[in-house]
>>> print(open('protein26.cif').read())   # mmCIF, C-alpha atoms
data_my_file
#
loop_
_atom_site.label_atom_id
_atom_site.label_comp_id
_atom_site.auth_asym_id
_atom_site.auth_seq_id
_atom_site.Cartn_x
_atom_site.Cartn_y
_atom_site.Cartn_z
CA MET A 1 84.71 -18.93 -18.86
CA VAL A 2 82.20 -16.32 -17.97
CA GLN A 3 80.80 -14.88 -21.16
CA SER A 4 81.10 -11.13 -20.68
CA GLN A 5 84.83 -11.51 -19.96
CA ARG A 6 85.48 -13.01 -23.35
CA ALA A 7 83.48 -10.22 -24.98
CA HIS A 8 85.53 -7.65 -23.06
CA LEU A 9 88.82 -9.13 -24.21
CA ASP A 10 87.63 -9.54 -27.80
CA ALA A 11 86.64 -5.88 -27.88
CA ALA A 12 89.98 -4.79 -26.44
CA PHE A 13 92.10 -6.82 -28.85
CA ALA A 14 89.93 -5.76 -31.81
CA ALA A 15 90.37 -2.13 -30.78
CA ILE A 16 94.17 -2.31 -30.78
CA SER A 17 94.33 -4.20 -34.08
CA ASP A 18 94.05 -0.83 -35.86
CA ALA A 19 97.17 1.33 -36.36
CA THR A 20 95.35 4.66 -35.96
CA ARG A 21 93.82 3.55 -32.69
CA ARG A 22 97.20 2.40 -31.42
CA GLY A 23 98.47 5.85 -32.35
CA ILE A 24 95.67 7.45 -30.35
CA LEU A 25 96.59 5.36 -27.29
CA GLU A 26 100.23 6.44 -27.65
CA ARG A 27 99.17 10.06 -27.95
CA LEU A 28 96.92 9.85 -24.87
CA ALA A 29 99.76 8.35 -22.87
CA ASP A 30 101.47 11.74 -23.26
CA SER A 31 98.50 13.74 -22.05
CA ASP A 32 94.73 13.88 -22.22
CA ALA A 33 93.35 15.41 -25.40
CA SER A 34 90.08 16.60 -26.88
CA ILE A 35 88.49 14.91 -29.88
CA THR A 36 89.27 18.07 -31.89
CA ASP A 37 92.97 17.91 -30.93
CA LEU A 38 93.12 14.28 -31.93
CA ALA A 39 91.30 14.84 -35.23
CA GLU A 40 93.77 17.58 -36.13
CA GLN A 41 96.83 15.56 -35.22
CA PHE A 42 95.71 12.50 -37.11
CA ARG A 43 94.39 14.59 -40.02
CA MET A 44 90.97 13.15 -39.79
CA THR A 45 87.40 14.45 -39.71
CA LEU A 46 85.75 14.88 -36.31
CA THR A 47 83.27 12.18 -37.21
CA GLY A 48 86.06 9.75 -38.12
CA MET A 49 87.91 10.44 -34.88
CA LYS A 50 84.72 10.11 -32.84
CA LYS A 51 84.30 6.64 -34.32
CA HIS A 52 87.82 5.53 -33.37
CA VAL A 53 87.50 6.95 -29.88
CA GLY A 54 84.12 5.23 -29.59
CA VAL A 55 85.70 1.86 -30.35
CA LEU A 56 88.45 2.44 -27.78
CA GLU A 57 85.89 3.60 -25.24
CA GLN A 58 83.68 0.54 -25.81
CA ALA A 59 86.73 -1.64 -25.20
CA GLY A 60 87.39 0.24 -21.97
CA LEU A 61 90.82 1.40 -23.14
CA VAL A 62 89.89 5.06 -23.17
CA THR A 63 87.46 7.05 -21.07
CA THR A 64 85.93 10.33 -22.15
CA GLU A 65 84.48 13.15 -20.16
CA LYS A 66 82.49 16.07 -21.40
CA VAL A 67 83.50 19.31 -19.71
CA TRP A 68 81.55 22.28 -20.96
CA ARG A 69 81.37 21.53 -24.64
CA VAL A 70 84.69 19.79 -25.05
CA ARG A 71 85.01 16.03 -24.83
CA THR A 72 88.35 15.08 -23.28
CA CYS A 73 89.82 11.63 -23.82
CA LYS A 74 92.16 9.81 -21.46
CA LEU A 75 93.63 6.35 -21.07
CA GLY A 76 91.41 3.96 -19.18
CA ALA A 77 93.08 0.56 -19.50
CA ARG A 78 94.07 0.14 -15.89
CA ARG A 79 90.60 0.58 -14.53
CA LEU A 80 89.19 -1.76 -17.13
CA ARG A 81 91.67 -4.45 -16.24
CA GLU A 82 91.00 -4.18 -12.53
CA GLU A 83 87.28 -4.10 -12.90
CA ALA A 84 87.22 -6.90 -15.47
CA ALA A 85 89.45 -9.11 -13.33
CA TRP A 86 87.28 -8.51 -10.29
CA ILE A 87 84.08 -9.22 -12.23
CA ALA A 88 85.68 -12.37 -13.68
CA ARG A 89 86.42 -13.62 -10.19
CA TYR A 90 82.97 -12.65 -8.95
CA GLY A 91 81.56 -14.59 -11.93
CA GLN A 92 83.68 -17.64 -11.11
CA LEU A 93 82.35 -17.61 -7.56
CA TRP A 94 78.75 -17.63 -8.78
CA ASP A 95 79.56 -20.17 -11.49
CA ALA A 96 81.02 -22.53 -8.86
CA ARG A 97 78.04 -21.93 -6.57
CA PHE A 98 75.58 -22.59 -9.36
CA ASP A 99 77.39 -25.79 -10.41
CA ALA A 100 76.90 -27.02 -6.84
CA LEU A 101 73.30 -25.76 -6.88
CA ASP A 102 72.78 -27.78 -10.08
CA ASN A 103 73.71 -30.93 -8.15
CA VAL A 104 71.30 -30.08 -5.34
CA VAL A 105 68.54 -29.41 -7.89
CA GLU A 106 69.19 -32.75 -9.64
CA ASP A 107 68.98 -34.58 -6.29
CA LEU A 108 65.69 -32.84 -5.46
CA LYS A 109 64.27 -33.77 -8.87
CA ARG A 110 65.21 -37.41 -8.35
CA GLU A 111 63.71 -37.43 -4.85
CA LYS A 112 60.41 -36.02 -6.10
CA LYS A 113 60.24 -38.57 -8.89
CA ARG A 114 60.61 -41.40 -6.42
CA LYS A 115 57.67 -40.20 -4.35
CA MET B 1 70.91 -40.72 -14.75
CA SER B 2 70.66 -38.24 -17.61
CA ALA B 3 73.78 -36.44 -18.68
CA THR B 4 73.16 -32.85 -17.72
CA VAL B 5 74.64 -30.12 -19.85
CA LYS B 6 76.09 -27.33 -17.76
CA ASN B 7 74.35 -24.07 -18.52
CA PRO B 8 76.51 -20.95 -18.77
CA THR B 9 76.66 -18.32 -16.05
CA THR B 10 76.72 -14.72 -17.28
CA VAL B 11 77.86 -11.80 -15.20
CA ALA B 12 78.00 -8.10 -16.02
CA ARG B 13 78.06 -4.70 -14.42
CA THR B 14 74.65 -3.60 -15.63
CA SER B 15 74.74 -0.07 -14.26
CA GLU B 16 76.94 2.24 -12.25
CA ARG B 17 75.80 0.55 -9.07
CA GLU B 18 74.51 -2.86 -10.10
CA LEU B 19 75.92 -6.30 -10.95
CA THR B 20 73.72 -8.93 -12.62
CA VAL B 21 74.32 -12.68 -12.72
CA THR B 22 72.14 -15.11 -14.69
CA ARG B 23 71.92 -18.88 -14.97
CA THR B 24 69.30 -21.34 -16.24
CA PHE B 25 68.54 -24.50 -14.27
CA ASN B 26 66.98 -27.60 -15.80
CA ALA B 27 64.21 -27.80 -13.22
CA PRO B 28 60.96 -26.06 -12.34
CA ALA B 29 61.09 -22.89 -10.23
CA HIS B 30 59.77 -24.53 -7.06
CA ILE B 31 62.74 -26.90 -6.99
CA VAL B 32 65.35 -24.18 -7.50
CA PHE B 33 63.57 -22.03 -4.92
CA GLU B 34 63.61 -24.93 -2.45
CA ALA B 35 67.40 -25.11 -2.75
CA TRP B 36 67.52 -21.40 -1.78
CA SER B 37 65.12 -21.67 1.11
CA LYS B 38 66.25 -24.60 3.33
CA PRO B 39 69.44 -24.16 5.37
CA GLU B 40 70.47 -27.81 4.95
CA LEU B 41 70.29 -27.34 1.16
CA ILE B 42 71.90 -23.88 1.13
CA MET B 43 74.88 -25.42 2.94
CA ARG B 44 75.44 -27.74 0.02
CA TRP B 45 76.05 -25.03 -2.55
CA TRP B 46 76.52 -21.49 -1.16
CA VAL B 47 80.16 -21.99 -0.26
CA PRO B 48 81.89 -23.68 -3.19
CA GLU B 49 84.57 -26.14 -2.11
CA SER B 50 86.75 -25.10 -5.04
CA PHE B 51 87.23 -21.75 -3.29
CA GLY B 52 88.53 -23.49 -0.17
CA PHE B 53 85.64 -22.53 2.11
CA SER B 54 83.70 -24.81 4.43
CA PHE B 55 80.51 -24.10 6.34
CA VAL B 56 80.53 -23.89 10.14
CA SER B 57 76.83 -23.13 10.51
CA CYS B 58 73.93 -21.96 8.40
CA ASP B 59 70.83 -20.32 9.81
CA ALA B 60 68.20 -18.99 7.43
CA ASP B 61 64.60 -18.11 8.13
CA VAL B 62 63.57 -17.60 4.52
CA ARG B 63 60.43 -15.49 4.71
CA THR B 64 59.73 -11.77 4.55
CA GLY B 65 61.28 -10.20 7.66
CA GLY B 66 63.36 -13.28 8.47
CA THR B 67 67.14 -13.22 8.97
CA TYR B 68 70.09 -15.32 7.84
CA ARG B 69 73.54 -15.96 9.15
CA PHE B 70 76.10 -18.07 7.26
CA VAL B 71 79.33 -18.82 9.12
CA PHE B 72 82.26 -20.46 7.35
CA ARG B 73 85.99 -21.02 7.48
CA HIS B 74 88.85 -20.61 5.06
CA PRO B 75 92.34 -22.04 5.71
CA ASP B 76 93.89 -18.57 5.12
CA PHE B 77 92.03 -17.12 8.11
CA GLU B 78 92.20 -18.09 11.75
CA GLN B 79 88.72 -16.86 12.61
CA PRO B 80 85.55 -18.00 10.92
CA MET B 81 83.70 -15.42 8.83
CA ALA B 82 80.02 -14.57 8.85
CA PHE B 83 77.69 -13.34 6.15
CA PHE B 84 74.42 -12.09 7.53
CA GLY B 85 71.39 -9.95 6.79
CA ARG B 86 67.62 -9.87 6.44
CA TYR B 87 65.09 -11.10 3.94
CA LEU B 88 63.24 -7.96 2.84
CA GLU B 89 60.83 -9.87 0.63
CA VAL B 90 60.21 -13.53 -0.06
CA ILE B 91 57.63 -14.69 -2.61
CA PRO B 92 57.76 -18.49 -2.77
CA ASN B 93 59.00 -19.87 -6.11
CA ALA B 94 59.35 -16.37 -7.56
CA ARG B 95 61.49 -13.84 -5.70
CA ILE B 96 63.90 -13.34 -2.79
CA VAL B 97 65.23 -9.91 -1.74
CA LEU B 98 67.91 -9.83 0.95
CA THR B 99 70.34 -7.42 2.57
CA ASN B 100 74.09 -7.98 3.07
CA GLU B 101 75.00 -6.44 6.41
CA GLU B 102 78.46 -7.85 7.16
CA GLY B 103 80.15 -4.72 5.79
CA GLY B 104 79.11 -1.10 5.46
CA ASP B 105 77.48 -0.08 2.16
CA GLY B 106 76.57 -3.66 1.27
CA PRO B 107 74.30 -4.36 -1.68
CA ILE B 108 70.65 -5.40 -1.73
CA THR B 109 70.44 -8.75 -3.50
CA THR B 110 67.33 -9.53 -5.57
CA VAL B 111 66.92 -13.06 -6.91
CA THR B 112 64.11 -13.90 -9.34
CA PHE B 113 63.06 -17.34 -10.56
CA GLU B 114 61.31 -17.38 -13.95
CA GLU B 115 59.98 -20.72 -15.12
CA ARG B 116 59.74 -21.48 -18.86
CA ASP B 117 59.09 -24.93 -20.32
CA GLY B 118 60.09 -26.67 -17.13
CA LYS B 119 63.38 -24.75 -16.86
CA THR B 120 64.12 -21.86 -14.56
CA LEU B 121 65.98 -18.69 -15.43
CA LEU B 122 67.57 -17.33 -12.27
CA VAL B 123 68.50 -13.64 -12.32
CA LEU B 124 70.49 -12.28 -9.39
CA ARG B 125 71.01 -8.54 -9.06
CA GLU B 126 73.23 -6.85 -6.50
CA LEU B 127 72.33 -3.20 -6.18
CA TYR B 128 74.85 -1.08 -4.26
CA PRO B 129 73.76 2.12 -2.50
CA SER B 130 75.96 4.23 -4.80
CA LYS B 131 78.42 4.05 -7.68
CA GLN B 132 81.16 4.76 -5.15
CA ALA B 133 80.15 1.77 -3.03
CA LEU B 134 80.42 -0.61 -5.99
CA ASP B 135 83.68 0.99 -7.18
CA ASP B 136 85.06 0.56 -3.66
CA ALA B 137 83.97 -3.07 -3.51
CA ILE B 138 85.78 -3.66 -6.80
CA ALA B 139 88.88 -1.69 -5.80
CA SER B 140 89.22 -3.49 -2.46
CA GLY B 141 89.21 -6.89 -4.10
CA SER B 142 90.82 -6.28 -7.44
CA SER B 143 94.38 -7.48 -6.86
CA SER B 144 93.38 -11.02 -7.71
CA THR B 145 93.48 -12.37 -11.22
CA GLY B 146 90.69 -14.54 -12.48
CA GLY B 147 90.64 -17.18 -15.18
CA ALA B 148 91.13 -14.49 -17.79
CA GLY B 149 94.16 -13.23 -15.87
CA GLU B 150 96.79 -14.28 -18.37
CA GLN B 151 94.99 -12.66 -21.26
CA PHE B 152 94.59 -9.47 -19.31
CA ASP B 153 98.30 -9.60 -18.49
CA LEU B 154 99.02 -9.87 -22.19
CA LEU B 155 96.67 -7.01 -22.99
CA ASP B 156 98.30 -4.94 -20.28
CA GLU B 157 101.70 -5.62 -21.73
CA VAL B 158 100.63 -4.60 -25.23
CA ILE B 159 99.02 -1.41 -23.96
CA GLY B 160 101.99 -0.77 -21.71
CA ARG B 161 104.38 -0.98 -24.64
CA LEU B 162 102.25 1.37 -26.70
CA THR B 163 101.93 3.92 -23.99
CA HIS B 164 105.33 3.90 -22.29
CA VAL B 165 108.09 3.03 -24.74
CA GLN B 166 107.86 5.31 -27.69
CA HIS B 167 107.79 8.82 -26.32
CA PRO B 168 110.57 11.13 -27.39
CA HIS B 169 110.48 13.02 -24.10
CA GLY B 170 108.97 10.34 -21.89
CA THR B 171 110.94 8.36 -19.34
CA ARG B 172 110.31 4.67 -19.02
#
>>> encode(input="protein26.cif", output="structure tokens")
Amino acid sequence: MVQSQRAHLDAAFAAISDATRRGILERLADSDASITDLAEQFRMTLTGMKKHVGVLEQAGLVTTEKVWRVRTCKLGARRLREEAAWIARYGQLWDARFDALDNVVEDLKREKKRK
Amino acid sequence: MSATVKNPTTVARTSERELTVTRTFNAPAHIVFEAWSKPELIMRWWVPESFGFSFVSCDADVRTGGTYRFVFRHPDFEQPMAFFGRYLEVIPNARIVLTNEEGGDGPITTVTFEERDGKTLLVLRELYPSKQALDDAIASGSSSTGGAGEQFDLLDEVIGRLTHVQHPHGTR
């Protein structure tokens, strides 16, 4: 399997292994929210909430956008899945090509040795 | 015949408008470059059989200013398809830069060959003209599921349950 795909999935599953972060995803399914809103609702410091949102963002499950001075968070799973699936397939194409290229390279090496 | 260990291929979106693929080959750069620069060799690897494609013709004049045209068939399509473009820069055993002109807003592909201890690190970058162009390329081809498809389905299901089921005022 192409390496970055595994990393993507690991990050996503690690992100949703935490109850607070699952709560944040549920909350964002209702509507977009600022970090401040989320911190208040989950009775957490801004710094703590920023960390959780950061983990979700890294995993591609949430996207954030800074408008004026407020950072708004929204669900981003769908885009991640589509992009990751496309990149996986793109990676498989190159992987298959490069496996075939490996064979060509081995043949060329053998030919040169014979000469 | 030595048993060759298959080196991993990595792929990532490395910027808003760029994809990068890497792979190491157990051969010096001039050999890997040769496989990229002779049509009869390109035909043996560019179109992987496992994807169901077969070459019809392969023309490639691999030098700066030269052009290429790869024509191949797939059983799902009646007409053959062509990939074509120009070589913007070719430095033997080191670097190939080519255009992809079969569609609008195609990427510029840069391939570099870096030799280290008799092995060659190949880095292939596809730079799209804009973030939108790469997003569009992804969106137009994203219905397929790759090898990780099942796991993404599972992830989707978990996220779907979290985000759709438990709302007091939400409808399913």
>>> residues_near_point(input="protein26.cif", point="(88.2, -18.2, 9.0)", cutoff="12 Å", atoms="all atoms listed in the file", output="PyMOL selection string")
chain B and resi 52-56+71-83
>>> write_last_selection(input="protein26.cif", atoms="C-alpha atoms", output="mmCIF file, in the coordinates of the input")
data_model
loop_
_atom_site.group_PDB
_atom_site.id
_atom_site.type_symbol
_atom_site.label_atom_id
_atom_site.label_comp_id
_atom_site.auth_asym_id
_atom_site.auth_seq_id
_atom_site.Cartn_x
_atom_site.Cartn_y
_atom_site.Cartn_z
ATOM 1 C CA GLY B 52 88.530 -23.490 -0.170
ATOM 2 C CA PHE B 53 85.640 -22.530 2.110
ATOM 3 C CA SER B 54 83.700 -24.810 4.430
ATOM 4 C CA PHE B 55 80.510 -24.100 6.340
ATOM 5 C CA VAL B 56 80.530 -23.890 10.140
ATOM 6 C CA VAL B 71 79.330 -18.820 9.120
ATOM 7 C CA PHE B 72 82.260 -20.460 7.350
ATOM 8 C CA ARG B 73 85.990 -21.020 7.480
ATOM 9 C CA HIS B 74 88.850 -20.610 5.060
ATOM 10 C CA PRO B 75 92.340 -22.040 5.710
ATOM 11 C CA ASP B 76 93.890 -18.570 5.120
ATOM 12 C CA PHE B 77 92.030 -17.120 8.110
ATOM 13 C CA GLU B 78 92.200 -18.090 11.750
ATOM 14 C CA GLN B 79 88.720 -16.860 12.610
ATOM 15 C CA PRO B 80 85.550 -18.000 10.920
ATOM 16 C CA MET B 81 83.700 -15.420 8.830
ATOM 17 C CA ALA B 82 80.020 -14.570 8.850
ATOM 18 C CA PHE B 83 77.690 -13.340 6.150
#
>>> closest_residue(input="protein26.cif", among="B:Glu40, B:Glu16, B:Asp61, B:Asp136", to="Leu88 of chain B", atoms="only C-alpha atoms")
B:Asp61
>>> interface_residues(input="protein26.cif", of="chain A", to="chain B", cutoff="8 Å", atoms="only C-alpha atoms", output="PyMOL selection string")
chain A and resi 1-5+9+12-13+22+25-30+77-78+81-83+85-89+91-102+104-106+108-109
>>> resolve_selection(input="protein26.cif", expression="the PyMOL selection byres ((chain A and resi 41-52) around 12)", output="PyMOL selection string")
chain A and resi 14-25+27-28+33-40+53-59+61-62+64+71-73
>>> closest_residue(input="protein26.cif", among="B:Glu18, B:Asp105, B:Glu114, B:Asp59", to="Arg86 of chain B", atoms="only C-alpha atoms")
B:Asp59
>>> residues_around(input="protein26.cif", residues="Ser37 of chain B", least_positions_apart="6", cutoff="9 Å", atoms="all atoms listed in the file", output="PyMOL selection string")
chain B and resi 60-63+92
>>> write_last_selection(input="protein26.cif", atoms="C-alpha atoms", output="JSON list (two decimals), in the frame of the given file")
[["chain", "number", "residue", "atom", "x", "y", "z"],
["B", 60, "ALA", "CA", 68.20, -18.99, 7.43],
["B", 61, "ASP", "CA", 64.60, -18.11, 8.13],
["B", 62, "VAL", "CA", 63.57, -17.60, 4.52],
["B", 63, "ARG", "CA", 60.43, -15.49, 4.71],
["B", 92, "PRO", "CA", 57.76, -18.49, -2.77]]
>>> atom_distance(input="protein26.cif", atom1="atom CA of Leu122 of chain B", atom2="atom CA of Ala11 of chain A")
27.2 Å
>>> atom_distance(input="protein26.cif", atom1="atom CA of Pro129 of chain B", atom2="atom CA of Asn93 of chain B")
26.7 Å
>>> atom_distance(input="protein26.cif", atom1="atom CA of Glu115 of chain B", atom2="atom CA of Thr67 of chain B")
26.2 Å
>>> closest_residue(input="protein26.cif", among="B:Thr99, B:Arg17, B:Ile91, B:Thr112", to="Leu127 of chain B", atoms="all atoms listed in the file")
B:Arg17
>>> residues_near_point(input="protein26.cif", point="(72.1, -5.3, -3.6)", cutoff="7 Å", atoms="only C-alpha atoms", output="VMD selection string")
chain B and resid 99 106 to 110 125 to 128
>>> closest_residue(input="protein26.cif", among="B:Ser15, B:Lys38, B:Gly66, B:Ala29", to="Val111 of chain B", atoms="only C-alpha atoms")
B:Ala29
>>> build_atoms(input="protein26.cif", residues="segment 31-58 of chain B", atoms="N, CA and C atoms", output="mmCIF file, in the coordinates of the input")
data_model
loop_
_atom_site.group_PDB
_atom_site.id
_atom_site.type_symbol
_atom_site.label_atom_id
_atom_site.label_comp_id
_atom_site.auth_asym_id
_atom_site.auth_seq_id
_atom_site.Cartn_x
_atom_site.Cartn_y
_atom_site.Cartn_z
ATOM 1 N N ILE B 31 61.590 -26.099 -7.425
ATOM 2 C CA ILE B 31 62.740 -26.900 -6.990
ATOM 3 C C ILE B 31 63.964 -26.004 -6.751
ATOM 4 N N VAL B 32 64.201 -25.080 -7.670
ATOM 5 C CA VAL B 32 65.350 -24.180 -7.500
ATOM 6 C C VAL B 32 65.132 -23.306 -6.267
ATOM 7 N N PHE B 33 63.897 -22.849 -6.085
ATOM 8 C CA PHE B 33 63.570 -22.030 -4.920
ATOM 9 C C PHE B 33 63.811 -22.820 -3.628
ATOM 10 N N GLU B 34 63.432 -24.086 -3.652
ATOM 11 C CA GLU B 34 63.610 -24.930 -2.450
ATOM 12 C C GLU B 34 65.083 -24.964 -2.037
ATOM 13 N N ALA B 35 65.968 -25.061 -3.039
ATOM 14 C CA ALA B 35 67.400 -25.110 -2.750
ATOM 15 C C ALA B 35 67.923 -23.802 -2.157
ATOM 16 N N TRP B 36 67.165 -22.709 -2.351
ATOM 17 C CA TRP B 36 67.520 -21.400 -1.780
ATOM 18 C C TRP B 36 66.886 -21.177 -0.410
ATOM 19 N N SER B 37 65.920 -22.029 -0.053
ATOM 20 C CA SER B 37 65.120 -21.670 1.110
ATOM 21 C C SER B 37 65.254 -22.635 2.299
ATOM 22 N N LYS B 38 66.037 -23.704 2.187
ATOM 23 C CA LYS B 38 66.250 -24.600 3.330
ATOM 24 C C LYS B 38 67.724 -24.600 3.700
ATOM 25 N N PRO B 39 68.040 -24.256 4.960
ATOM 26 C CA PRO B 39 69.440 -24.160 5.370
ATOM 27 C C PRO B 39 70.261 -25.400 5.012
ATOM 28 N N GLU B 40 69.688 -26.599 5.223
ATOM 29 C CA GLU B 40 70.470 -27.810 4.950
ATOM 30 C C GLU B 40 70.809 -27.944 3.463
ATOM 31 N N LEU B 41 69.988 -27.321 2.594
ATOM 32 C CA LEU B 41 70.290 -27.340 1.160
ATOM 33 C C LEU B 41 71.233 -26.202 0.785
ATOM 34 N N ILE B 42 71.024 -25.030 1.392
ATOM 35 C CA ILE B 42 71.900 -23.880 1.130
ATOM 36 C C ILE B 42 73.356 -24.267 1.434
ATOM 37 N N MET B 43 73.532 -25.008 2.528
ATOM 38 C CA MET B 43 74.880 -25.420 2.940
ATOM 39 C C MET B 43 75.591 -26.243 1.887
ATOM 40 N N ARG B 44 74.806 -26.864 1.014
ATOM 41 C CA ARG B 44 75.440 -27.740 0.020
ATOM 42 C C ARG B 44 75.937 -26.993 -1.213
ATOM 43 N N TRP B 45 75.580 -25.713 -1.336
ATOM 44 C CA TRP B 45 76.050 -25.030 -2.550
ATOM 45 C C TRP B 45 76.575 -23.602 -2.353
ATOM 46 N N TRP B 46 76.180 -22.924 -1.290
ATOM 47 C CA TRP B 46 76.520 -21.490 -1.160
ATOM 48 C C TRP B 46 78.025 -21.240 -1.098
ATOM 49 N N VAL B 47 78.725 -22.159 -0.427
ATOM 50 C CA VAL B 47 80.160 -21.990 -0.260
ATOM 51 C C VAL B 47 80.858 -23.040 -1.120
ATOM 52 N N PRO B 48 81.314 -22.665 -2.316
ATOM 53 C CA PRO B 48 81.890 -23.680 -3.190
ATOM 54 C C PRO B 48 83.227 -24.206 -2.651
ATOM 55 N N GLU B 49 83.350 -25.529 -2.635
ATOM 56 C CA GLU B 49 84.570 -26.140 -2.110
ATOM 57 C C GLU B 49 85.799 -25.715 -2.902
ATOM 58 N N SER B 50 85.594 -25.456 -4.214
ATOM 59 C CA SER B 50 86.750 -25.100 -5.040
ATOM 60 C C SER B 50 87.383 -23.776 -4.596
ATOM 61 N N PHE B 51 86.670 -22.991 -3.809
ATOM 62 C CA PHE B 51 87.230 -21.750 -3.290
ATOM 63 C C PHE B 51 87.865 -21.948 -1.915
ATOM 64 N N GLY B 52 87.846 -23.172 -1.421
ATOM 65 C CA GLY B 52 88.530 -23.490 -0.170
ATOM 66 C C GLY B 52 87.731 -23.202 1.093
ATOM 67 N N PHE B 53 86.456 -22.841 0.933
ATOM 68 C CA PHE B 53 85.640 -22.530 2.110
ATOM 69 C C PHE B 53 84.897 -23.759 2.620
ATOM 70 N N SER B 54 84.592 -23.769 3.906
ATOM 71 C CA SER B 54 83.700 -24.810 4.430
ATOM 72 C C SER B 54 82.753 -24.187 5.467
ATOM 73 N N PHE B 55 81.527 -24.657 5.451
ATOM 74 C CA PHE B 55 80.510 -24.100 6.340
ATOM 75 C C PHE B 55 80.739 -24.496 7.796
ATOM 76 N N VAL B 56 80.530 -23.584 8.707
ATOM 77 C CA VAL B 56 80.530 -23.890 10.140
ATOM 78 C C VAL B 56 79.084 -24.034 10.590
ATOM 79 N N SER B 57 78.257 -23.046 10.197
ATOM 80 C CA SER B 57 76.830 -23.130 10.510
ATOM 81 C C SER B 57 76.044 -22.329 9.499
ATOM 82 N N CYS B 58 74.778 -22.631 9.372
ATOM 83 C CA CYS B 58 73.930 -21.960 8.400
ATOM 84 C C CYS B 58 72.538 -21.814 8.989
#
